[in-house]
$ cat structure_16.cif   # mmCIF, C-alpha atoms
data_entry
loop_
_atom_site.label_atom_id
_atom_site.label_comp_id
_atom_site.auth_asym_id
_atom_site.auth_seq_id
_atom_site.Cartn_x
_atom_site.Cartn_y
_atom_site.Cartn_z
CA MET A 424 126.92 129.17 52.92
CA SER A 425 124.76 126.28 51.72
CA LEU A 426 123.23 124.39 54.64
CA VAL A 427 122.23 120.75 54.99
CA ARG A 428 118.70 120.56 56.34
CA VAL A 429 116.14 118.03 57.49
CA HIS A 430 112.43 118.89 57.62
CA THR A 431 109.21 117.21 58.75
CA PHE A 432 110.95 113.98 59.59
CA SER A 433 108.53 112.16 61.89
CA VAL A 434 109.30 109.50 64.48
CA SER A 435 107.19 107.52 66.92
CA LEU A 436 107.72 107.57 70.70
CA ASP A 437 109.79 104.43 70.31
CA GLY A 438 111.97 106.14 67.70
CA PHE A 439 110.83 104.52 64.46
CA GLY A 440 110.90 106.71 61.35
CA THR A 441 108.91 104.24 59.28
CA GLY A 442 107.00 101.03 59.92
CA GLU A 443 107.70 97.45 58.96
CA GLY A 444 106.63 95.91 55.64
CA GLN A 445 106.89 98.68 53.05
CA SER A 446 104.97 97.86 49.87
CA LEU A 447 103.51 99.59 46.84
CA ASP A 448 100.33 100.24 48.83
CA ASP A 449 102.07 101.16 52.07
CA PRO A 450 105.13 103.41 51.67
CA PHE A 451 105.39 103.55 55.49
CA GLY A 452 104.56 99.87 56.05
CA HIS A 453 102.34 99.11 59.04
CA ALA A 454 102.72 102.74 60.20
CA GLY A 455 100.30 103.69 57.42
CA SER A 456 99.65 107.43 57.44
CA ARG A 457 100.06 107.79 61.20
CA LEU A 458 103.53 109.36 61.14
CA LEU A 459 102.64 112.02 58.56
CA ALA A 460 98.99 112.74 59.41
CA TRP A 461 99.95 116.01 61.17
CA PHE A 462 101.86 117.16 58.03
CA GLN A 463 99.13 116.12 55.62
CA ALA A 464 96.62 118.19 57.59
CA THR A 465 98.56 121.44 57.14
CA ARG A 466 97.83 124.28 54.75
CA THR A 467 101.39 123.89 53.38
CA PHE A 468 100.98 120.23 52.48
CA ARG A 469 97.70 120.92 50.72
CA GLN A 470 99.21 123.80 48.79
CA ILE A 471 102.15 121.60 47.72
CA HIS A 472 99.60 119.18 46.30
CA GLY A 473 97.45 121.88 44.71
CA GLU A 474 94.60 121.57 47.19
CA PRO A 475 92.85 124.35 49.13
CA GLY A 476 92.35 124.50 52.91
CA GLY A 477 94.40 122.83 55.61
CA ARG A 478 95.36 123.87 59.14
CA TYR A 479 97.42 126.89 60.03
CA GLY A 480 99.34 126.89 63.33
CA VAL A 481 102.61 125.58 64.70
CA ASP A 482 102.47 122.36 62.62
CA ASP A 483 102.04 124.46 59.49
CA ALA A 484 104.81 126.86 60.49
CA PHE A 485 107.24 123.95 60.55
CA ALA A 486 105.78 122.34 57.43
CA ASP A 487 106.29 125.61 55.57
CA ASN A 488 110.07 125.44 56.15
CA TRP A 489 110.27 122.34 54.01
CA GLY A 490 110.87 123.89 50.60
CA LEU A 491 112.16 127.43 51.05
CA GLY A 492 115.78 127.87 49.97
CA ILE A 493 116.25 124.23 49.01
CA GLY A 494 118.16 123.55 45.78
CA ALA A 495 118.46 119.75 45.88
CA GLU A 496 117.37 116.73 47.91
CA ILE A 497 119.18 113.51 48.75
CA MET A 498 116.96 110.55 49.56
CA GLY A 499 117.43 106.88 50.30
CA ARG A 500 116.25 104.31 47.82
CA ASN A 501 113.48 103.10 50.13
CA LYS A 502 111.97 106.57 50.15
CA PHE A 503 111.96 106.47 46.34
CA GLY A 504 110.22 103.12 46.06
CA PRO A 505 109.51 99.67 47.49
CA GLN A 506 111.87 97.69 45.22
CA ARG A 507 115.07 96.18 46.62
CA GLY A 508 118.17 94.93 44.79
CA PRO A 509 118.62 95.34 41.00
CA TRP A 510 115.79 97.31 39.37
CA ALA A 511 113.29 94.77 38.06
CA ASP A 512 111.14 97.55 36.70
CA GLU A 513 112.55 100.84 35.45
CA GLN A 514 109.02 102.13 34.88
CA TRP A 515 108.83 103.07 38.57
CA LYS A 516 109.22 106.84 38.94
CA GLY A 517 108.51 107.31 42.63
CA TRP A 518 105.30 107.64 44.64
CA TRP A 519 104.59 111.21 43.63
CA GLY A 520 103.07 111.09 40.11
CA ASP A 521 104.21 113.06 37.05
CA ASP A 522 104.86 116.32 38.90
CA PRO A 523 106.60 115.46 42.20
CA PRO A 524 106.63 118.12 44.94
CA PHE A 525 110.43 118.52 44.96
CA HIS A 526 110.93 120.81 41.92
CA THR A 527 114.73 120.40 42.21
CA PRO A 528 117.31 117.73 41.42
CA VAL A 529 116.84 114.73 43.72
CA PHE A 530 119.72 112.33 44.33
CA VAL A 531 118.57 108.79 45.13
CA LEU A 532 121.18 106.70 46.93
CA THR A 533 121.31 103.18 45.54
CA HIS A 534 123.84 100.45 44.88
CA HIS A 535 122.10 99.99 41.51
CA PRO A 536 122.44 103.18 39.44
CA ARG A 537 120.11 103.70 36.47
CA PRO A 538 119.54 106.58 34.01
CA SER A 539 118.24 109.85 35.42
CA ILE A 540 114.53 110.58 35.11
CA GLU A 541 113.32 114.06 34.28
CA MET A 542 109.84 114.69 35.65
CA ASN A 543 107.48 117.61 35.17
CA GLY A 544 107.86 120.73 37.31
CA GLY A 545 111.64 120.73 37.62
CA THR A 546 112.20 117.49 39.53
CA THR A 547 114.94 115.24 38.14
CA PHE A 548 115.81 111.96 39.87
CA HIS A 549 119.49 111.01 39.70
CA PHE A 550 120.55 107.55 40.91
CA ILE A 551 123.97 107.40 42.50
CA ASP A 552 126.00 104.77 44.32
CA ALA A 553 127.74 107.06 46.82
CA GLY A 554 128.42 107.57 50.50
CA PRO A 555 127.04 110.60 52.38
CA GLY A 556 130.03 112.89 51.71
CA GLU A 557 130.21 112.26 47.99
CA ALA A 558 126.43 112.49 47.59
CA LEU A 559 126.49 115.82 49.40
CA GLU A 560 129.16 117.20 47.07
CA LEU A 561 127.05 116.30 44.04
CA ALA A 562 123.89 117.70 45.57
CA ARG A 563 125.59 120.94 46.60
CA GLU A 564 126.87 121.44 43.09
CA ALA A 565 123.38 120.82 41.68
CA ALA A 566 121.79 123.12 44.28
CA GLY A 567 123.61 126.16 42.88
CA GLY A 568 124.31 127.80 46.21
CA LEU A 569 120.97 126.89 47.80
CA ASP A 570 120.56 124.44 50.68
CA VAL A 571 120.41 120.66 50.45
CA ARG A 572 117.59 118.74 52.07
CA ILE A 573 118.23 115.27 53.50
CA GLY A 574 114.95 113.53 52.76
CA GLY A 575 115.21 110.22 54.63
CA GLY A 576 114.33 107.43 55.23
CA PRO A 577 115.71 106.65 58.67
CA SER A 578 118.63 104.53 57.52
CA MET A 579 120.23 107.23 55.33
CA MET A 580 119.42 109.85 58.00
CA ARG A 581 121.47 107.83 60.48
CA GLN A 582 124.37 107.76 58.02
CA PHE A 583 124.31 111.53 57.53
CA LEU A 584 123.99 112.16 61.26
CA ALA A 585 126.80 109.74 62.08
CA ALA A 586 128.98 111.55 59.53
CA ASP A 587 128.08 114.86 61.24
CA LEU A 588 126.87 116.41 57.99
CA ILE A 589 123.58 117.95 59.13
CA ASP A 590 123.26 121.64 60.09
CA LEU A 591 119.55 122.03 60.84
CA MET A 592 117.12 119.27 61.65
CA HIS A 593 113.40 119.31 62.35
CA ILE A 594 112.04 116.13 63.90
CA ALA A 595 108.37 115.68 64.74
CA ILE A 596 107.63 113.27 67.58
CA VAL A 597 104.28 111.62 67.01
CA PRO A 598 102.74 110.20 70.21
CA ILE A 599 102.27 106.66 68.97
CA VAL A 600 104.11 103.42 69.76
CA LEU A 601 104.91 101.70 66.45
CA GLY A 602 106.60 98.69 68.02
CA ARG A 603 108.66 97.85 64.92
CA GLY A 604 110.14 99.47 61.86
CA GLU A 605 113.27 101.38 60.96
CA PRO A 606 114.83 103.24 63.94
CA LEU A 607 116.13 106.79 63.60
CA TRP A 608 118.30 107.12 66.71
CA TYR A 609 120.12 103.79 66.67
CA GLY A 610 123.91 104.19 66.96
CA LEU A 611 123.72 107.93 67.61
CA GLU A 612 124.42 108.04 71.36
CA GLU A 613 124.94 111.61 72.63
CA LEU A 614 123.90 113.09 69.28
CA GLU A 615 122.37 116.02 71.19
CA GLY A 616 125.87 117.17 72.20
CA LYS A 617 126.45 118.53 68.71
CA PHE A 618 123.27 120.61 68.60
CA ASP A 619 121.20 123.22 70.37
CA VAL A 620 117.84 121.54 70.82
CA GLU A 621 114.44 123.20 71.18
CA ALA A 622 111.06 121.54 71.68
CA VAL A 623 107.56 122.84 71.14
CA SER A 624 104.34 120.85 71.29
CA SER A 625 101.36 121.39 69.05
CA PRO A 626 97.65 121.07 69.87
CA SER A 627 97.70 118.22 67.32
CA GLY A 628 99.69 116.21 69.89
CA VAL A 629 102.90 116.26 67.87
CA THR A 630 106.07 117.75 69.38
CA HIS A 631 108.47 119.58 67.11
CA LEU A 632 112.15 119.27 67.96
CA THR A 633 114.68 121.48 66.24
CA PHE A 634 118.39 120.72 66.21
CA THR A 635 120.72 123.58 65.31
CA ARG A 636 124.35 122.67 64.90
CA ARG A 637 126.50 124.31 67.60
CA MET B 1369 87.87 105.27 93.07
CA SER B 1370 91.55 104.65 93.69
CA LEU B 1371 93.62 105.35 90.56
CA VAL B 1372 96.89 103.85 89.38
CA ARG B 1373 99.26 106.67 88.44
CA VAL B 1374 102.71 107.23 86.98
CA HIS B 1375 104.57 110.49 87.53
CA THR B 1376 107.85 112.07 86.39
CA PHE B 1377 108.89 108.97 84.50
CA SER B 1378 111.59 110.20 82.10
CA VAL B 1379 112.68 108.65 78.82
CA SER B 1380 115.25 109.56 76.20
CA LEU B 1381 114.40 110.23 72.54
CA ASP B 1382 115.31 106.63 71.82
CA GLY B 1383 112.92 105.43 74.51
CA PHE B 1384 115.25 104.36 77.31
CA GLY B 1385 113.98 104.87 80.86
CA THR B 1386 117.36 104.20 82.42
CA GLY B 1387 120.91 103.71 81.16
CA GLU B 1388 123.16 100.68 81.04
CA GLY B 1389 125.43 99.60 83.89
CA GLN B 1390 123.54 100.46 87.09
CA SER B 1391 125.81 100.50 90.13
CA LEU B 1392 125.93 101.83 93.66
CA ASP B 1393 127.38 105.07 92.32
CA ASP B 1394 125.13 105.27 89.27
CA PRO B 1395 121.47 104.38 89.91
CA PHE B 1396 120.72 105.29 86.27
CA GLY B 1397 123.89 103.71 84.83
CA HIS B 1398 125.57 105.64 82.04
CA ALA B 1399 122.56 107.99 81.86
CA GLY B 1400 123.85 109.58 85.06
CA SER B 1401 121.57 112.44 86.13
CA ARG B 1402 120.57 113.39 82.58
CA LEU B 1403 117.10 111.85 82.66
CA LEU B 1404 116.07 113.47 85.93
CA ALA B 1405 117.91 116.81 85.75
CA TRP B 1406 114.69 118.66 84.82
CA PHE B 1407 112.93 117.16 87.90
CA GLN B 1408 115.82 117.83 90.26
CA ALA B 1409 115.80 121.51 89.24
CA THR B 1410 112.18 122.01 90.31
CA ARG B 1411 110.89 123.72 93.44
CA THR B 1412 108.93 120.53 94.22
CA PHE B 1413 111.98 118.27 94.15
CA ARG B 1414 113.90 120.61 96.40
CA GLN B 1415 111.01 120.82 98.85
CA ILE B 1416 110.76 117.01 98.93
CA HIS B 1417 114.42 116.95 99.95
CA GLY B 1418 114.10 119.80 102.43
CA GLU B 1419 115.95 122.34 100.31
CA PRO B 1420 114.89 125.87 99.41
CA GLY B 1421 114.69 127.33 95.90
CA GLY B 1422 114.19 125.52 92.63
CA ARG B 1423 112.36 126.43 89.43
CA TYR B 1424 108.66 127.10 89.15
CA GLY B 1425 106.95 126.58 85.77
CA VAL B 1426 105.52 123.74 83.74
CA ASP B 1427 108.20 121.25 84.86
CA ASP B 1428 107.35 122.04 88.47
CA ALA B 1429 103.60 121.84 87.82
CA PHE B 1430 104.07 118.25 86.70
CA ALA B 1431 106.61 117.46 89.42
CA ASP B 1432 104.11 118.65 92.01
CA ASN B 1433 101.59 115.97 90.96
CA TRP B 1434 103.96 113.28 92.17
CA GLY B 1435 102.85 112.94 95.78
CA LEU B 1436 99.35 114.35 96.15
CA GLY B 1437 96.70 111.71 96.86
CA ILE B 1438 99.14 108.81 96.73
CA GLY B 1439 98.73 106.12 99.43
CA ALA B 1440 101.27 103.53 98.27
CA GLU B 1441 103.94 102.93 95.64
CA ILE B 1442 104.94 99.81 93.75
CA MET B 1443 108.51 99.77 92.44
CA GLY B 1444 110.77 97.31 90.68
CA ARG B 1445 113.73 95.84 92.49
CA ASN B 1446 116.20 97.72 90.28
CA LYS B 1447 114.70 101.02 91.39
CA PHE B 1448 115.25 99.95 95.00
CA GLY B 1449 118.89 99.01 94.56
CA PRO B 1450 121.70 97.72 92.37
CA GLN B 1451 121.80 94.14 93.71
CA ARG B 1452 120.54 91.25 91.57
CA GLY B 1453 119.58 87.71 92.62
CA PRO B 1454 119.44 86.63 96.31
CA TRP B 1455 120.12 89.48 98.75
CA ALA B 1456 123.81 89.33 99.59
CA ASP B 1457 123.42 92.30 101.88
CA GLU B 1458 120.23 93.01 103.82
CA GLN B 1459 121.75 96.23 105.11
CA TRP B 1460 120.77 97.97 101.88
CA LYS B 1461 117.73 100.19 102.52
CA GLY B 1462 117.44 102.01 99.19
CA TRP B 1463 119.13 105.07 97.73
CA TRP B 1464 117.12 107.57 99.74
CA GLY B 1465 118.65 107.68 103.23
CA ASP B 1466 116.83 107.25 106.58
CA ASP B 1467 113.81 109.35 105.61
CA PRO B 1468 112.85 108.42 102.02
CA PRO B 1469 110.58 110.82 100.14
CA PHE B 1470 107.71 108.32 99.76
CA HIS B 1471 106.08 108.59 103.22
CA THR B 1472 103.78 105.64 102.38
CA PRO B 1473 104.05 101.88 102.12
CA VAL B 1474 106.27 100.93 99.16
CA PHE B 1475 105.99 97.47 97.60
CA VAL B 1476 109.23 96.29 96.02
CA LEU B 1477 108.75 93.55 93.42
CA THR B 1478 111.40 90.86 93.78
CA HIS B 1479 111.73 87.12 93.37
CA HIS B 1480 113.66 87.18 96.67
CA PRO B 1481 111.37 88.39 99.49
CA ARG B 1482 112.93 89.63 102.74
CA PRO B 1483 111.51 91.19 105.91
CA SER B 1484 109.85 94.58 105.61
CA ILE B 1485 111.88 97.67 106.55
CA GLU B 1486 110.29 100.52 108.44
CA MET B 1487 112.00 103.81 107.71
CA ASN B 1488 111.54 107.26 109.22
CA GLY B 1489 108.77 109.53 107.96
CA GLY B 1490 106.16 106.88 107.22
CA THR B 1491 107.91 104.92 104.47
CA THR B 1492 107.86 101.13 104.86
CA PHE B 1493 109.46 98.89 102.23
CA HIS B 1494 107.66 95.58 101.69
CA PHE B 1495 109.29 92.94 99.49
CA ILE B 1496 106.90 90.79 97.51
CA ASP B 1497 107.20 88.14 94.82
CA ALA B 1498 104.06 88.99 92.85
CA GLY B 1499 102.78 89.84 89.40
CA PRO B 1500 101.29 93.23 88.58
CA GLY B 1501 97.68 92.34 89.47
CA GLU B 1502 98.48 90.81 92.84
CA ALA B 1503 100.90 93.59 93.72
CA LEU B 1504 98.27 96.16 92.89
CA GLU B 1505 95.72 94.45 95.16
CA LEU B 1506 98.17 94.60 98.07
CA ALA B 1507 99.12 98.20 97.35
CA ARG B 1508 95.49 99.29 97.03
CA GLU B 1509 94.68 97.74 100.38
CA ALA B 1510 97.65 99.49 101.97
CA ALA B 1511 96.74 102.81 100.30
CA GLY B 1512 93.49 103.04 102.25
CA GLY B 1513 91.42 104.46 99.40
CA LEU B 1514 94.15 106.72 98.07
CA ASP B 1515 95.85 106.25 94.68
CA VAL B 1516 98.74 103.90 93.91
CA ARG B 1517 101.85 105.16 92.18
CA ILE B 1518 103.76 102.89 89.80
CA GLY B 1519 107.32 103.95 90.43
CA GLY B 1520 109.32 102.18 87.71
CA GLY B 1521 111.87 101.23 86.46
CA PRO B 1522 111.08 100.62 82.84
CA SER B 1523 110.79 96.85 83.01
CA MET B 1524 108.02 96.83 85.65
CA MET B 1525 106.34 99.79 83.91
CA ARG B 1526 106.11 97.68 80.76
CA GLN B 1527 104.49 94.87 82.75
CA PHE B 1528 101.86 97.19 84.23
CA LEU B 1529 101.17 98.82 80.85
CA ALA B 1530 100.90 95.47 79.09
CA ALA B 1531 98.43 94.35 81.77
CA ASP B 1532 96.45 97.55 81.13
CA LEU B 1533 96.52 98.55 84.80
CA ILE B 1534 97.51 102.21 84.51
CA ASP B 1535 94.94 105.03 84.63
CA LEU B 1536 97.07 108.18 84.45
CA MET B 1537 100.63 108.41 83.22
CA HIS B 1538 103.03 111.33 83.01
CA ILE B 1539 106.09 110.71 80.84
CA ALA B 1540 108.80 113.31 80.35
CA ILE B 1541 110.69 113.07 77.06
CA VAL B 1542 114.25 114.29 77.56
CA PRO B 1543 115.93 115.39 74.31
CA ILE B 1544 118.96 113.13 74.59
CA VAL B 1545 119.98 109.97 72.75
CA LEU B 1546 121.07 107.40 75.35
CA GLY B 1547 121.92 104.68 72.84
CA ARG B 1548 121.51 101.83 75.32
CA GLY B 1549 119.70 100.97 78.51
CA GLU B 1550 116.28 99.67 79.50
CA PRO B 1551 113.52 100.50 76.99
CA LEU B 1552 110.11 101.72 78.11
CA TRP B 1553 108.02 101.22 74.97
CA TYR B 1554 109.19 97.76 73.90
CA GLY B 1555 106.31 95.34 73.28
CA LEU B 1556 103.65 98.04 73.67
CA GLU B 1557 102.66 98.62 70.05
CA GLU B 1558 99.56 100.83 69.73
CA LEU B 1559 99.59 101.62 73.46
CA GLU B 1560 98.27 105.10 72.59
CA GLY B 1561 94.95 103.58 71.52
CA LYS B 1562 94.00 103.07 75.17
CA PHE B 1563 94.64 106.66 76.21
CA ASP B 1564 93.95 110.29 75.46
CA VAL B 1565 97.40 111.78 74.99
CA GLU B 1566 98.46 115.39 75.50
CA ALA B 1567 101.90 116.93 74.97
CA VAL B 1568 103.39 120.15 76.26
CA SER B 1569 106.99 121.26 75.96
CA SER B 1570 108.90 123.16 78.60
CA PRO B 1571 111.55 125.87 78.16
CA SER B 1572 113.88 123.33 79.83
CA GLY B 1573 113.68 121.30 76.59
CA VAL B 1574 111.71 118.48 78.15
CA THR B 1575 108.30 117.53 76.74
CA HIS B 1576 105.61 116.35 79.12
CA LEU B 1577 103.24 113.70 77.79
CA THR B 1578 100.13 112.81 79.73
CA PHE B 1579 98.18 109.63 79.11
CA THR B 1580 94.63 109.51 80.46
CA ARG B 1581 92.88 106.20 80.16
CA ARG B 1582 89.88 106.41 77.78
#
$ encode --input "structure_16.cif" --output "structure tokens"
Amino acid sequence: MSLVRVHTFSVSLDGFGTGEGQSLDDPFGHAGSRLLAWFQATRTFRQIHGEPGGRYGVDDAFADNWGLGIGAEIMGRNKFGPQRGPWADEQWKGWWGDDPPFHTPVFVLTHHPRPSIEMNGGTTFHFIDAGPGEALELAREAAGGLDVRIGGGPSMMRQFLAADLIDLMHIAIVPIVLGRGEPLWYGLEELEGKFDVEAVSSPSGVTHLTFTRR
Amino acid sequence: MSLVRVHTFSVSLDGFGTGEGQSLDDPFGHAGSRLLAWFQATRTFRQIHGEPGGRYGVDDAFADNWGLGIGAEIMGRNKFGPQRGPWADEQWKGWWGDDPPFHTPVFVLTHHPRPSIEMNGGTTFHFIDAGPGEALELAREAAGGLDVRIGGGPSMMRQFLAADLIDLMHIAIVPIVLGRGEPLWYGLEELEGKFDVEAVSSPSGVTHLTFTRR
């Protein structure tokens, strides 16, 4: 059975999954690199980006779950890039360079579809105007029996959670107060009732929550 | 040096320190007992209320810090009771019965002062119309060199944090999504910059954060 999974999704103490004011220079807006610093320090993250070193430990153990068994990703348009509305510039191919770390089909949710983009290393970006259920059908088909990762940002995460489509979810709580940004938990009262929840803190200060569908 | 401390203050994943709709029957509104269930299960909580049993472990270790070395508490009016505005009923003496667990002077912040109430066991409720700084001066004097506990709720906690008056703070993150209620973190962007922060999770699912002023 192909599962729908979330990995390394980081939120602040006040529940923001990204900051305010995303731009070309700041994919996470005023949050900067604070939400993902724990992930970027891991051995797994460095390997994904072809670099040596990095920390091993509980942060890395969770980071390492990110890719294994994944056959496709679905992401929101704001994770793909800072543009809004009709595509002014179809040259934009994401933040990740010529060889993005996904190495699978990636479905980008947008009200403004455009031709697919084939990148190096097996990543292809498809742009679809679809709700969570329809997007998941397409991604499952593309995943060829493997799991589907829900990549964020917070707004599409909320949609998938509200539609009860997520089987496994790893959330990292970063002990910072962002004050503003895009909230993850909004509108999801009593979400925990659908899941078994575990928590484990890391010496890095981050706390890893895992949600396993009951 | 007398410290200003916060203990066993619980928040949901979405940052609410209490639910919506406080009433005589529901001190925490729609949150019910969900925010404090971990505390109520501890050996310390049961001892405070004269009951045997209870869990020992990391939750209890933090619970046990609640009373030691404390000479006075400051609490918000909504922690004291469900009434708002002028006191319609001066018979109300708090949720805690004749012998409240504080055993020290307790300063209740309210725009509607009333005569002090001496309870059994050393607790006296004083009602003062004062800002955080002035309240702290009064509480420090009453504490006779011991520490002052900031008792909550969330709204007065925010005032004390914004005024940078808190030295040690223990926050328990409860893995529930309340959806609505009184937020703790609102208006406190970059609060973490003033503190060294540690996190440790408990088998109960709660994560204990400690903030030590730098």
$ residues_around --input "structure_16.cif" --residues "Asp1428 (chain B)" --least-positions-apart "2" --cutoff "8 Å" --atoms "all atoms listed in the file" --output "ChimeraX atom specification"
/B:1407,1410-1412,1423-1426,1430-1432
$ write_last_selection --input "structure_16.cif" --atoms "C-alpha atoms" --output "PDB file, in the coordinates of the input"
ATOM      1  CA  PHE B1407     112.930 117.160  87.900  1.00  0.00           C
ATOM      2  CA  THR B1410     112.180 122.010  90.310  1.00  0.00           C
ATOM      3  CA  ARG B1411     110.890 123.720  93.440  1.00  0.00           C
ATOM      4  CA  THR B1412     108.930 120.530  94.220  1.00  0.00           C
ATOM      5  CA  ARG B1423     112.360 126.430  89.430  1.00  0.00           C
ATOM      6  CA  TYR B1424     108.660 127.100  89.150  1.00  0.00           C
ATOM      7  CA  GLY B1425     106.950 126.580  85.770  1.00  0.00           C
ATOM      8  CA  VAL B1426     105.520 123.740  83.740  1.00  0.00           C
ATOM      9  CA  PHE B1430     104.070 118.250  86.700  1.00  0.00           C
ATOM     10  CA  ALA B1431     106.610 117.460  89.420  1.00  0.00           C
ATOM     11  CA  ASP B1432     104.110 118.650  92.010  1.00  0.00           C
TER      12      ASP B1432
END
$ residues_around --input "structure_16.cif" --residues "His534 (chain A)" --least-positions-apart "3" --cutoff "8 Å" --atoms "all atoms listed in the file" --output "count of residues only"
4
$ interface_residues --input "structure_16.cif" --of "chain A" --to "chain B" --cutoff "12 Å" --atoms "all atoms listed in the file" --output "NGL selection string"
:A and (434-440 or 442 or 453-454 or 457 or 594-604 or 606-634)
$ axis_aligned_box --input "structure_16.cif" --around "region 462-469 of chain A" --padding-each-side "5 Å" --output "lines of an AutoDock Vina configuration file"
center_x = 99.2
center_y = 120.2
center_z = 54.4
size_x = 15.2
size_y = 18.2
size_z = 17.3
$ closest_residue --input "structure_16.cif" --among "A:Gly444, A:Gly499, A:Gly490, A:Pro536" --to "Pro577 (chain A)" --atoms "all atoms listed in the file"
A:Gly499
$ resolve_selection --input "structure_16.cif" --expression "the PyMOL selection byres ((chain B and resi 1492) around 10)" --output "list in words"
Ala1440, Pro1468, Phe1470, His1471, Thr1472, Pro1473, Val1474, Phe1475, Ser1484, Ile1485, Glu1486, Met1487, Asn1488, Gly1489, Gly1490, Thr1491, Phe1493, His1494 and Phe1495 of chain B
$ closest_residue --input "structure_16.cif" --among "B:Asp1532, B:Asp1393, B:Glu1419, B:Glu1502" --to "Gly1449 (chain B)" --atoms "only C-alpha atoms"
B:Asp1393
$ closest_residue --input "structure_16.cif" --among "A:Ser578, A:Ile573, A:Glu496, A:Gln445" --to "Pro524 (chain A)" --atoms "all atoms listed in the file"
A:Glu496
$ atom_distance --input "structure_16.cif" --atom1 "CA of Gly1521 (chain B)" --atom2 "CA of Met1443 (chain B)"
7.0 Å
$ closest_residue --input "structure_16.cif" --among "B:Phe1396, B:Leu1403, B:Asp1467, B:Gln1459" --to "Ile1416 (chain B)" --atoms "all atoms listed in the file"
B:Asp1467
$ atom_distance --input "structure_16.cif" --atom1 "CA of Ile1534 (chain B)" --atom2 "CA of Ala1429 (chain B)"
20.8 Å
